$ cat protein-v4.cif   # mmCIF, C-alpha atoms and all ligand atoms
data_work
loop_
_atom_site.label_atom_id
_atom_site.label_comp_id
_atom_site.auth_asym_id
_atom_site.auth_seq_id
_atom_site.Cartn_x
_atom_site.Cartn_y
_atom_site.Cartn_z
CA MET A 1 0.00 0.00 0.00
CA ALA A 2 1.21 3.51 -0.82
CA ILE A 3 2.87 5.37 2.05
CA LEU A 4 2.08 8.64 0.29
CA ASN A 5 -0.68 9.32 -2.17
CA VAL A 6 -1.01 12.73 -3.71
CA SER A 7 -3.84 13.65 -6.05
CA ASP A 8 -4.08 16.80 -8.00
CA ILE A 9 -2.71 19.19 -5.42
CA GLY A 10 -2.34 22.90 -5.95
CA LYS A 11 -0.59 25.53 -3.88
CA ILE A 12 -0.82 29.29 -4.27
CA TYR A 13 1.35 31.93 -2.64
CA HIS A 14 -0.01 35.45 -2.35
CA LYS A 15 2.40 38.30 -2.87
CA GLY A 16 0.46 41.53 -2.46
CA HIS A 17 -2.21 41.32 -5.16
CA LEU A 18 -0.27 38.71 -7.06
CA GLU A 19 -1.16 35.04 -6.91
CA ILE A 20 1.71 32.71 -7.62
CA GLU A 21 0.66 29.17 -8.42
CA VAL A 22 3.66 27.25 -7.09
CA LEU A 23 2.23 23.73 -7.44
CA LYS A 24 -0.13 22.82 -10.25
CA ASN A 25 -2.05 19.55 -10.49
CA VAL A 26 0.64 17.47 -8.85
CA SER A 27 -0.20 13.78 -8.46
CA LEU A 28 1.97 10.89 -7.39
CA SER A 29 1.99 7.75 -5.35
CA VAL A 30 4.98 6.51 -3.37
CA GLU A 31 5.37 2.94 -2.12
CA PRO A 32 7.34 2.08 1.04
CA GLY A 33 11.01 1.59 0.23
CA GLU A 34 11.17 3.93 -2.75
CA PHE A 35 14.02 6.45 -3.06
CA VAL A 36 12.58 9.40 -4.95
CA SER A 37 14.79 12.22 -6.26
CA ILE A 38 13.19 15.51 -7.28
CA ILE A 39 15.08 17.63 -9.75
CA GLY A 40 14.24 20.85 -11.57
CA PRO A 41 15.37 24.45 -12.00
CA SER A 42 15.46 26.89 -9.12
CA GLY A 43 11.97 28.19 -8.38
CA SER A 44 10.19 25.19 -9.94
CA GLY A 45 8.51 24.28 -6.64
CA LYS A 46 10.72 21.44 -5.34
CA THR A 47 11.04 22.72 -1.79
CA THR A 48 7.37 23.65 -1.67
CA LEU A 49 6.41 20.13 -2.77
CA LEU A 50 8.64 18.60 -0.09
CA TYR A 51 7.14 20.86 2.58
CA VAL A 52 3.58 20.16 1.49
CA LEU A 53 4.08 16.39 1.44
CA SER A 54 5.62 16.43 4.91
CA GLY A 55 2.97 18.68 6.44
CA LEU A 56 5.25 21.69 6.96
CA GLU A 57 3.18 23.71 4.47
CA THR A 58 -0.52 23.62 3.69
CA TYR A 59 -1.99 23.06 0.23
CA ASP A 60 -4.95 24.74 -1.43
CA LYS A 61 -6.35 22.03 -3.67
CA GLY A 62 -6.39 18.28 -3.97
CA SER A 63 -5.48 15.61 -1.46
CA VAL A 64 -2.37 14.31 0.29
CA MET A 65 -2.73 10.95 2.01
CA LEU A 66 0.25 10.37 4.27
CA PHE A 67 0.28 7.04 6.14
CA SER A 68 -3.28 6.52 4.82
CA LYS A 69 -4.66 9.67 6.41
CA GLU A 70 -5.53 12.95 4.72
CA LEU A 71 -2.89 15.47 5.81
CA SER A 72 -5.31 18.38 6.10
CA SER A 73 -7.30 16.38 8.65
CA TYR A 74 -4.33 15.79 10.99
CA THR A 75 -4.84 17.62 14.27
CA SER A 76 -1.94 19.81 15.41
CA LYS A 77 -1.06 17.11 17.96
CA GLU A 78 -1.04 14.44 15.25
CA LYS A 79 1.13 16.67 13.10
CA ALA A 80 3.60 17.14 15.93
CA THR A 81 3.81 13.36 16.41
CA LEU A 82 4.20 12.90 12.68
CA ARG A 83 7.12 15.31 12.57
CA SER A 84 8.89 14.05 15.64
CA MET A 85 8.43 10.30 15.10
CA ASN A 86 7.26 9.23 11.66
CA ILE A 87 9.23 11.48 9.38
CA GLY A 88 12.78 12.81 9.50
CA PHE A 89 14.19 15.93 7.85
CA VAL A 90 17.60 16.76 6.45
CA PHE A 91 18.34 20.23 5.11
CA GLN A 92 21.10 21.81 3.04
CA PHE A 93 22.43 23.65 6.07
CA TYR A 94 22.68 21.21 8.92
CA HIS A 95 21.16 23.37 11.65
CA LEU A 96 23.12 21.68 14.42
CA ILE A 97 23.20 23.42 17.77
CA PRO A 98 26.73 24.86 18.06
CA ASN A 99 27.15 24.60 21.83
CA LEU A 100 26.04 20.95 21.98
CA ASN A 101 28.36 18.12 21.01
CA VAL A 102 27.51 15.44 18.45
CA TYR A 103 25.95 13.11 21.01
CA GLU A 104 23.87 15.88 22.58
CA ASN A 105 22.65 17.17 19.22
CA VAL A 106 21.24 13.73 18.41
CA LYS A 107 19.91 13.17 21.92
CA LEU A 108 18.03 16.46 21.85
CA ALA A 109 15.94 15.28 18.87
CA SER A 110 15.10 12.08 20.74
CA VAL A 111 13.82 13.99 23.75
CA ILE A 112 11.26 15.75 21.58
CA GLY A 113 10.16 12.46 20.07
CA LYS A 114 10.29 9.50 22.39
CA ASP A 115 12.58 8.21 25.05
CA VAL A 116 15.63 6.82 23.34
CA SER A 117 18.38 4.82 25.04
CA HIS A 118 22.04 5.75 25.16
CA GLN A 119 22.77 2.66 23.06
CA LYS A 120 20.32 3.76 20.38
CA ILE A 121 22.11 7.11 20.04
CA ILE A 122 25.47 5.35 19.74
CA ASP A 123 24.10 2.85 17.22
CA THR A 124 22.58 5.60 15.11
CA LEU A 125 25.84 7.55 15.11
CA GLU A 126 27.63 4.37 14.10
CA MET A 127 25.16 3.90 11.25
CA VAL A 128 26.16 7.27 9.80
CA GLY A 129 29.88 6.76 10.48
CA MET A 130 30.19 9.30 13.31
CA LYS A 131 30.60 7.10 16.38
CA ASP A 132 34.19 8.24 16.92
CA GLU A 133 33.20 11.89 17.05
CA ILE A 134 30.51 11.84 19.72
CA LYS A 135 32.31 14.41 21.88
CA SER A 136 33.13 16.80 19.03
CA TYR A 137 31.34 20.08 18.56
CA PRO A 138 29.87 21.08 15.17
CA SER A 139 32.60 23.70 14.58
CA GLN A 140 35.24 20.94 14.84
CA LEU A 141 33.65 18.92 12.02
CA SER A 142 33.74 19.16 8.23
CA GLY A 143 30.53 19.95 6.34
CA GLY A 144 30.14 16.31 5.37
CA GLN A 145 30.54 15.19 8.98
CA GLN A 146 28.02 17.76 10.17
CA GLN A 147 25.55 16.51 7.61
CA ARG A 148 26.09 12.95 8.91
CA VAL A 149 25.18 14.14 12.39
CA ALA A 150 22.11 15.90 10.99
CA ILE A 151 21.14 12.62 9.32
CA ALA A 152 21.59 10.73 12.61
CA ARG A 153 19.38 13.31 14.29
CA ALA A 154 16.73 12.80 11.60
CA LEU A 155 16.92 9.01 12.13
CA ILE A 156 16.91 8.83 15.91
CA ASN A 157 13.17 8.22 16.29
CA ASP A 158 13.08 5.57 13.53
CA PRO A 159 11.05 7.53 11.01
CA LYS A 160 9.60 5.64 8.06
CA ILE A 161 10.22 8.48 5.61
CA LEU A 162 13.25 10.68 5.31
CA PHE A 163 12.74 14.03 3.56
CA ALA A 164 15.85 15.84 2.39
CA ASP A 165 16.12 19.25 0.71
CA GLU A 166 19.38 19.52 -1.25
CA PRO A 167 21.33 17.72 1.49
CA ILE A 168 24.61 17.88 -0.43
CA GLY A 169 24.07 21.33 -1.91
CA ASN A 170 26.64 22.84 0.41
CA LEU A 171 29.25 20.08 0.22
CA ASP A 172 32.24 19.52 -2.01
CA TYR A 173 31.83 16.84 -4.67
CA GLN A 174 33.57 13.96 -2.86
CA SER A 175 31.84 14.59 0.48
CA GLY A 176 28.55 14.86 -1.38
CA LEU A 177 29.02 11.46 -3.01
CA LYS A 178 29.73 9.88 0.38
CA ILE A 179 26.50 11.33 1.77
CA MET A 180 24.64 10.01 -1.28
CA ALA A 181 26.10 6.56 -0.63
CA LEU A 182 24.87 6.83 2.95
CA PHE A 183 21.33 7.68 1.79
CA LYS A 184 21.44 4.72 -0.54
CA GLU A 185 22.47 2.45 2.32
CA LEU A 186 19.68 3.85 4.52
CA ASN A 187 17.27 3.04 1.73
CA GLN A 188 18.57 -0.42 0.84
CA THR A 189 19.74 -1.77 4.18
CA TYR A 190 17.44 0.05 6.59
CA HIS A 191 14.43 0.28 4.23
CA LYS A 192 13.86 3.98 4.71
CA THR A 193 11.61 5.60 2.15
CA ILE A 194 13.50 8.65 0.90
CA PHE A 195 12.23 11.79 -0.75
CA MET A 196 15.13 14.00 -1.78
CA VAL A 197 15.40 17.30 -3.62
CA THR A 198 18.64 17.60 -5.55
CA HIS A 199 20.17 20.16 -7.89
CA ASN A 200 22.52 17.68 -9.49
CA ILE A 201 21.33 15.18 -12.10
CA ASP A 202 24.29 12.84 -11.35
CA THR A 203 23.00 12.17 -7.85
CA THR A 204 19.63 10.91 -9.12
CA SER A 205 21.40 7.64 -9.99
CA TYR A 206 21.48 6.80 -6.26
CA GLY A 207 17.68 6.80 -6.13
CA SER A 208 15.10 4.42 -7.59
CA ARG A 209 12.86 7.03 -9.18
CA THR A 210 13.25 10.59 -10.46
CA LEU A 211 10.60 13.30 -10.61
CA HIS A 212 11.42 16.22 -12.90
CA MET A 213 9.72 19.49 -11.96
CA LEU A 214 9.15 22.58 -14.07
CA SER A 215 6.99 25.59 -13.18
CA GLY A 216 5.12 23.80 -10.40
CA ARG A 217 4.39 20.61 -12.33
CA ILE A 218 5.89 17.16 -12.48
CA ILE A 219 6.79 16.93 -16.14
CA LYS A 220 8.51 13.54 -16.00
CA ASP A 221 8.38 10.65 -13.55
CA GLU A 222 10.87 7.90 -14.36
CA LYS A 223 12.31 4.79 -12.80
CA VAL A 224 16.07 4.74 -12.41
CA ILE A 225 17.65 1.80 -14.20
CA GLN A 226 20.11 0.33 -11.72
N1 LIG A 301 6.81 31.76 1.40
C1 LIG A 301 6.69 32.10 0.11
N2 LIG A 301 5.94 33.17 -0.25
C2 LIG A 301 5.80 33.52 -1.55
N3 LIG A 301 6.38 32.86 -2.57
C3 LIG A 301 7.14 31.79 -2.27
C4 LIG A 301 7.34 31.36 -0.92
N4 LIG A 301 8.15 30.26 -0.94
C5 LIG A 301 8.43 30.04 -2.23
N5 LIG A 301 7.83 30.96 -3.04
C6 LIG A 301 7.91 30.99 -4.50
O1 LIG A 301 7.46 29.73 -4.98
C7 LIG A 301 8.22 29.32 -6.10
C8 LIG A 301 8.79 27.93 -5.85
O2 LIG A 301 9.75 28.01 -4.79
P1 LIG A 301 10.51 26.76 -4.21
O3 LIG A 301 9.53 25.70 -3.88
O4 LIG A 301 11.39 27.23 -3.14
O5 LIG A 301 11.34 26.29 -5.49
P2 LIG A 301 12.68 25.42 -5.61
O6 LIG A 301 12.89 24.68 -4.33
O7 LIG A 301 12.41 24.51 -6.78
O8 LIG A 301 13.78 26.38 -5.92
C9 LIG A 301 9.25 30.39 -6.35
O9 LIG A 301 8.75 31.24 -7.35
C10 LIG A 301 9.32 31.11 -5.02
O10 LIG A 301 9.67 32.45 -5.20
MG MG A 302 14.47 24.70 -2.95
#
$ encode --input "protein-v4.cif" --output "structure tokens"
Amino acid sequence: MAILNVSDIGKIYHKGHLEIEVLKNVSLSVEPGEFVSIIGPSGSGKTTLLYVLSGLETYDKGSVMLFSKELSSYTSKEKATLRSMNIGFVFQFYHLIPNLNVYENVKLASVIGKDVSHQKIIDTLEMVGMKDEIKSYPSQLSGGQQQRVAIARALINDPKILFADEPIGNLDYQSGLKIMALFKELNQTYHKTIFMVTHNIDTTSYGSRTLHMLSGRIIKDEKVIQ
């Protein structure tokens, strides 16, 4: 059964008297275990789509069924639970808390969600290759390492879906490829469903499916041939 089912959604931003239609008739269905990349020019609506599908932004038309429930009918409490436990987020800029070390940054996310053991934090940091840096502070880490910590933080409550908005957009090429390999492992070994915005067509080869966006529409939806 689809984990996410989107039919004919529309989203309008109002700028003064102007109405900007950012998403137009977007439909798609995502099965558990898919790794979906979204690519398209700047301003095509990629971030907005990600935010709408994860409940961070509202939509004006159509329907989004997330975990078999219409998103617009989630109560604010259900939305909070959704965000802290069922979905994880990774952003281009890692948003780690500078005066907390690696361990504490991950632990903080678990406090908001559910009670997580010390071992779980260590295991999650091991999963992303950061177990040896638990006492380091963000400023002592490279961009790629900080992104690994941000990924561990997103994973700490065992979300089913991981949403990522240009997670390697701020990294050098080699560090970016390592992070892509990590996402692929999270998808293949840990069965996370992944929904990732990317600016780089090369990185879509790590996913299983690519959505191409242009002017608020999905203009192409293709399977990646492995
Ligand atoms: N909060 C907002 N208010 C008004 N317009 C917005 C807002 N966020 C995004 N937009 C506009 O929506 C369009 C799509 O933006 P976005 O989803 O960020 O695109 P992308 O991630 O593909 O670059 C752009 O034209 C952008 O200017
Ligand atoms: Mg964007």
$ residues_near_ligand --input "protein-v4.cif" --ligand "ligand MG 302 (chain A)" --cutoff "7 Å" --atoms "only C-alpha atoms and all ligand atoms" --output "list in words"
Ser42, Gly43, Lys46, Thr47 and Asp165 of chain A
$ closest_atom_pairs --input "protein-v4.cif" --of "chain A" --to "ligand LIG 301 (chain A)" --cutoff "8 Å" --atoms "all atoms listed in the file" --output "Markdown table"
| residue | atom | partner | partner_atom | distance |
| --- | --- | --- | --- | --- |
| A:Tyr13 | CA | A:LIG301 | C2 | 4.8 |
| A:His14 | CA | A:LIG301 | C2 | 6.2 |
| A:Lys15 | CA | A:LIG301 | C2 | 6.0 |
| A:Ile20 | CA | A:LIG301 | N3 | 6.9 |
| A:Glu21 | CA | A:LIG301 | O1 | 7.6 |
| A:Val22 | CA | A:LIG301 | O1 | 5.0 |
| A:Leu23 | CA | A:LIG301 | C8 | 7.9 |
| A:Ile39 | CA | A:LIG301 | O7 | 8.0 |
| A:Gly40 | CA | A:LIG301 | O7 | 6.3 |
| A:Pro41 | CA | A:LIG301 | O7 | 6.0 |
| A:Ser42 | CA | A:LIG301 | O8 | 3.7 |
| A:Gly43 | CA | A:LIG301 | O5 | 3.5 |
| A:Ser44 | CA | A:LIG301 | O7 | 3.9 |
| A:Gly45 | CA | A:LIG301 | O3 | 3.3 |
| A:Lys46 | CA | A:LIG301 | O7 | 3.8 |
| A:Thr47 | CA | A:LIG301 | O6 | 3.7 |
| A:Thr48 | CA | A:LIG301 | O3 | 3.7 |
| A:Leu49 | CA | A:LIG301 | O3 | 6.5 |
| A:Val197 | CA | A:LIG301 | O6 | 7.8 |
| A:Met213 | CA | A:LIG301 | O7 | 7.7 |
| A:Ser215 | CA | A:LIG301 | C8 | 7.9 |
| A:Gly216 | CA | A:LIG301 | C8 | 7.2 |
$ closest_residue --input "protein-v4.cif" --among "A:Met1, A:Ile219, A:Ala164, A:Leu56" --to "Ala150 (chain A)" --atoms "all atoms listed in the file"
A:Ala164
$ closest_residue --input "protein-v4.cif" --among "A:Val90, A:Ile168, A:Met180, A:Val116" --to "Ala152 (chain A)" --atoms "only C-alpha atoms"
A:Val90
$ atom_distance --input "protein-v4.cif" --atom1 "CA of Ser136 (chain A)" --atom2 "CA of Phe195 (chain A)"
29.2 Å
$ closest_residue --input "protein-v4.cif" --among "A:Arg153, A:Met65, A:Val111, A:Ser54" --to "Ser7 (chain A)" --atoms "all atoms listed in the file"
A:Met65
$ residues_near_point --input "protein-v4.cif" --point "(26.1, 18.9, 9.9)" --cutoff "10 Å" --atoms "only C-alpha atoms" --output "list in words"
Val90, Phe91, Gln92, Phe93, Tyr94, His95, Leu96, Ile97, Val102, Pro138, Ser139, Leu141, Ser142, Gly143, Gly144, Gln145, Gln146, Gln147, Arg148, Val149, Ala150, Ile151, Ala152, Arg153 and Pro167 of chain A
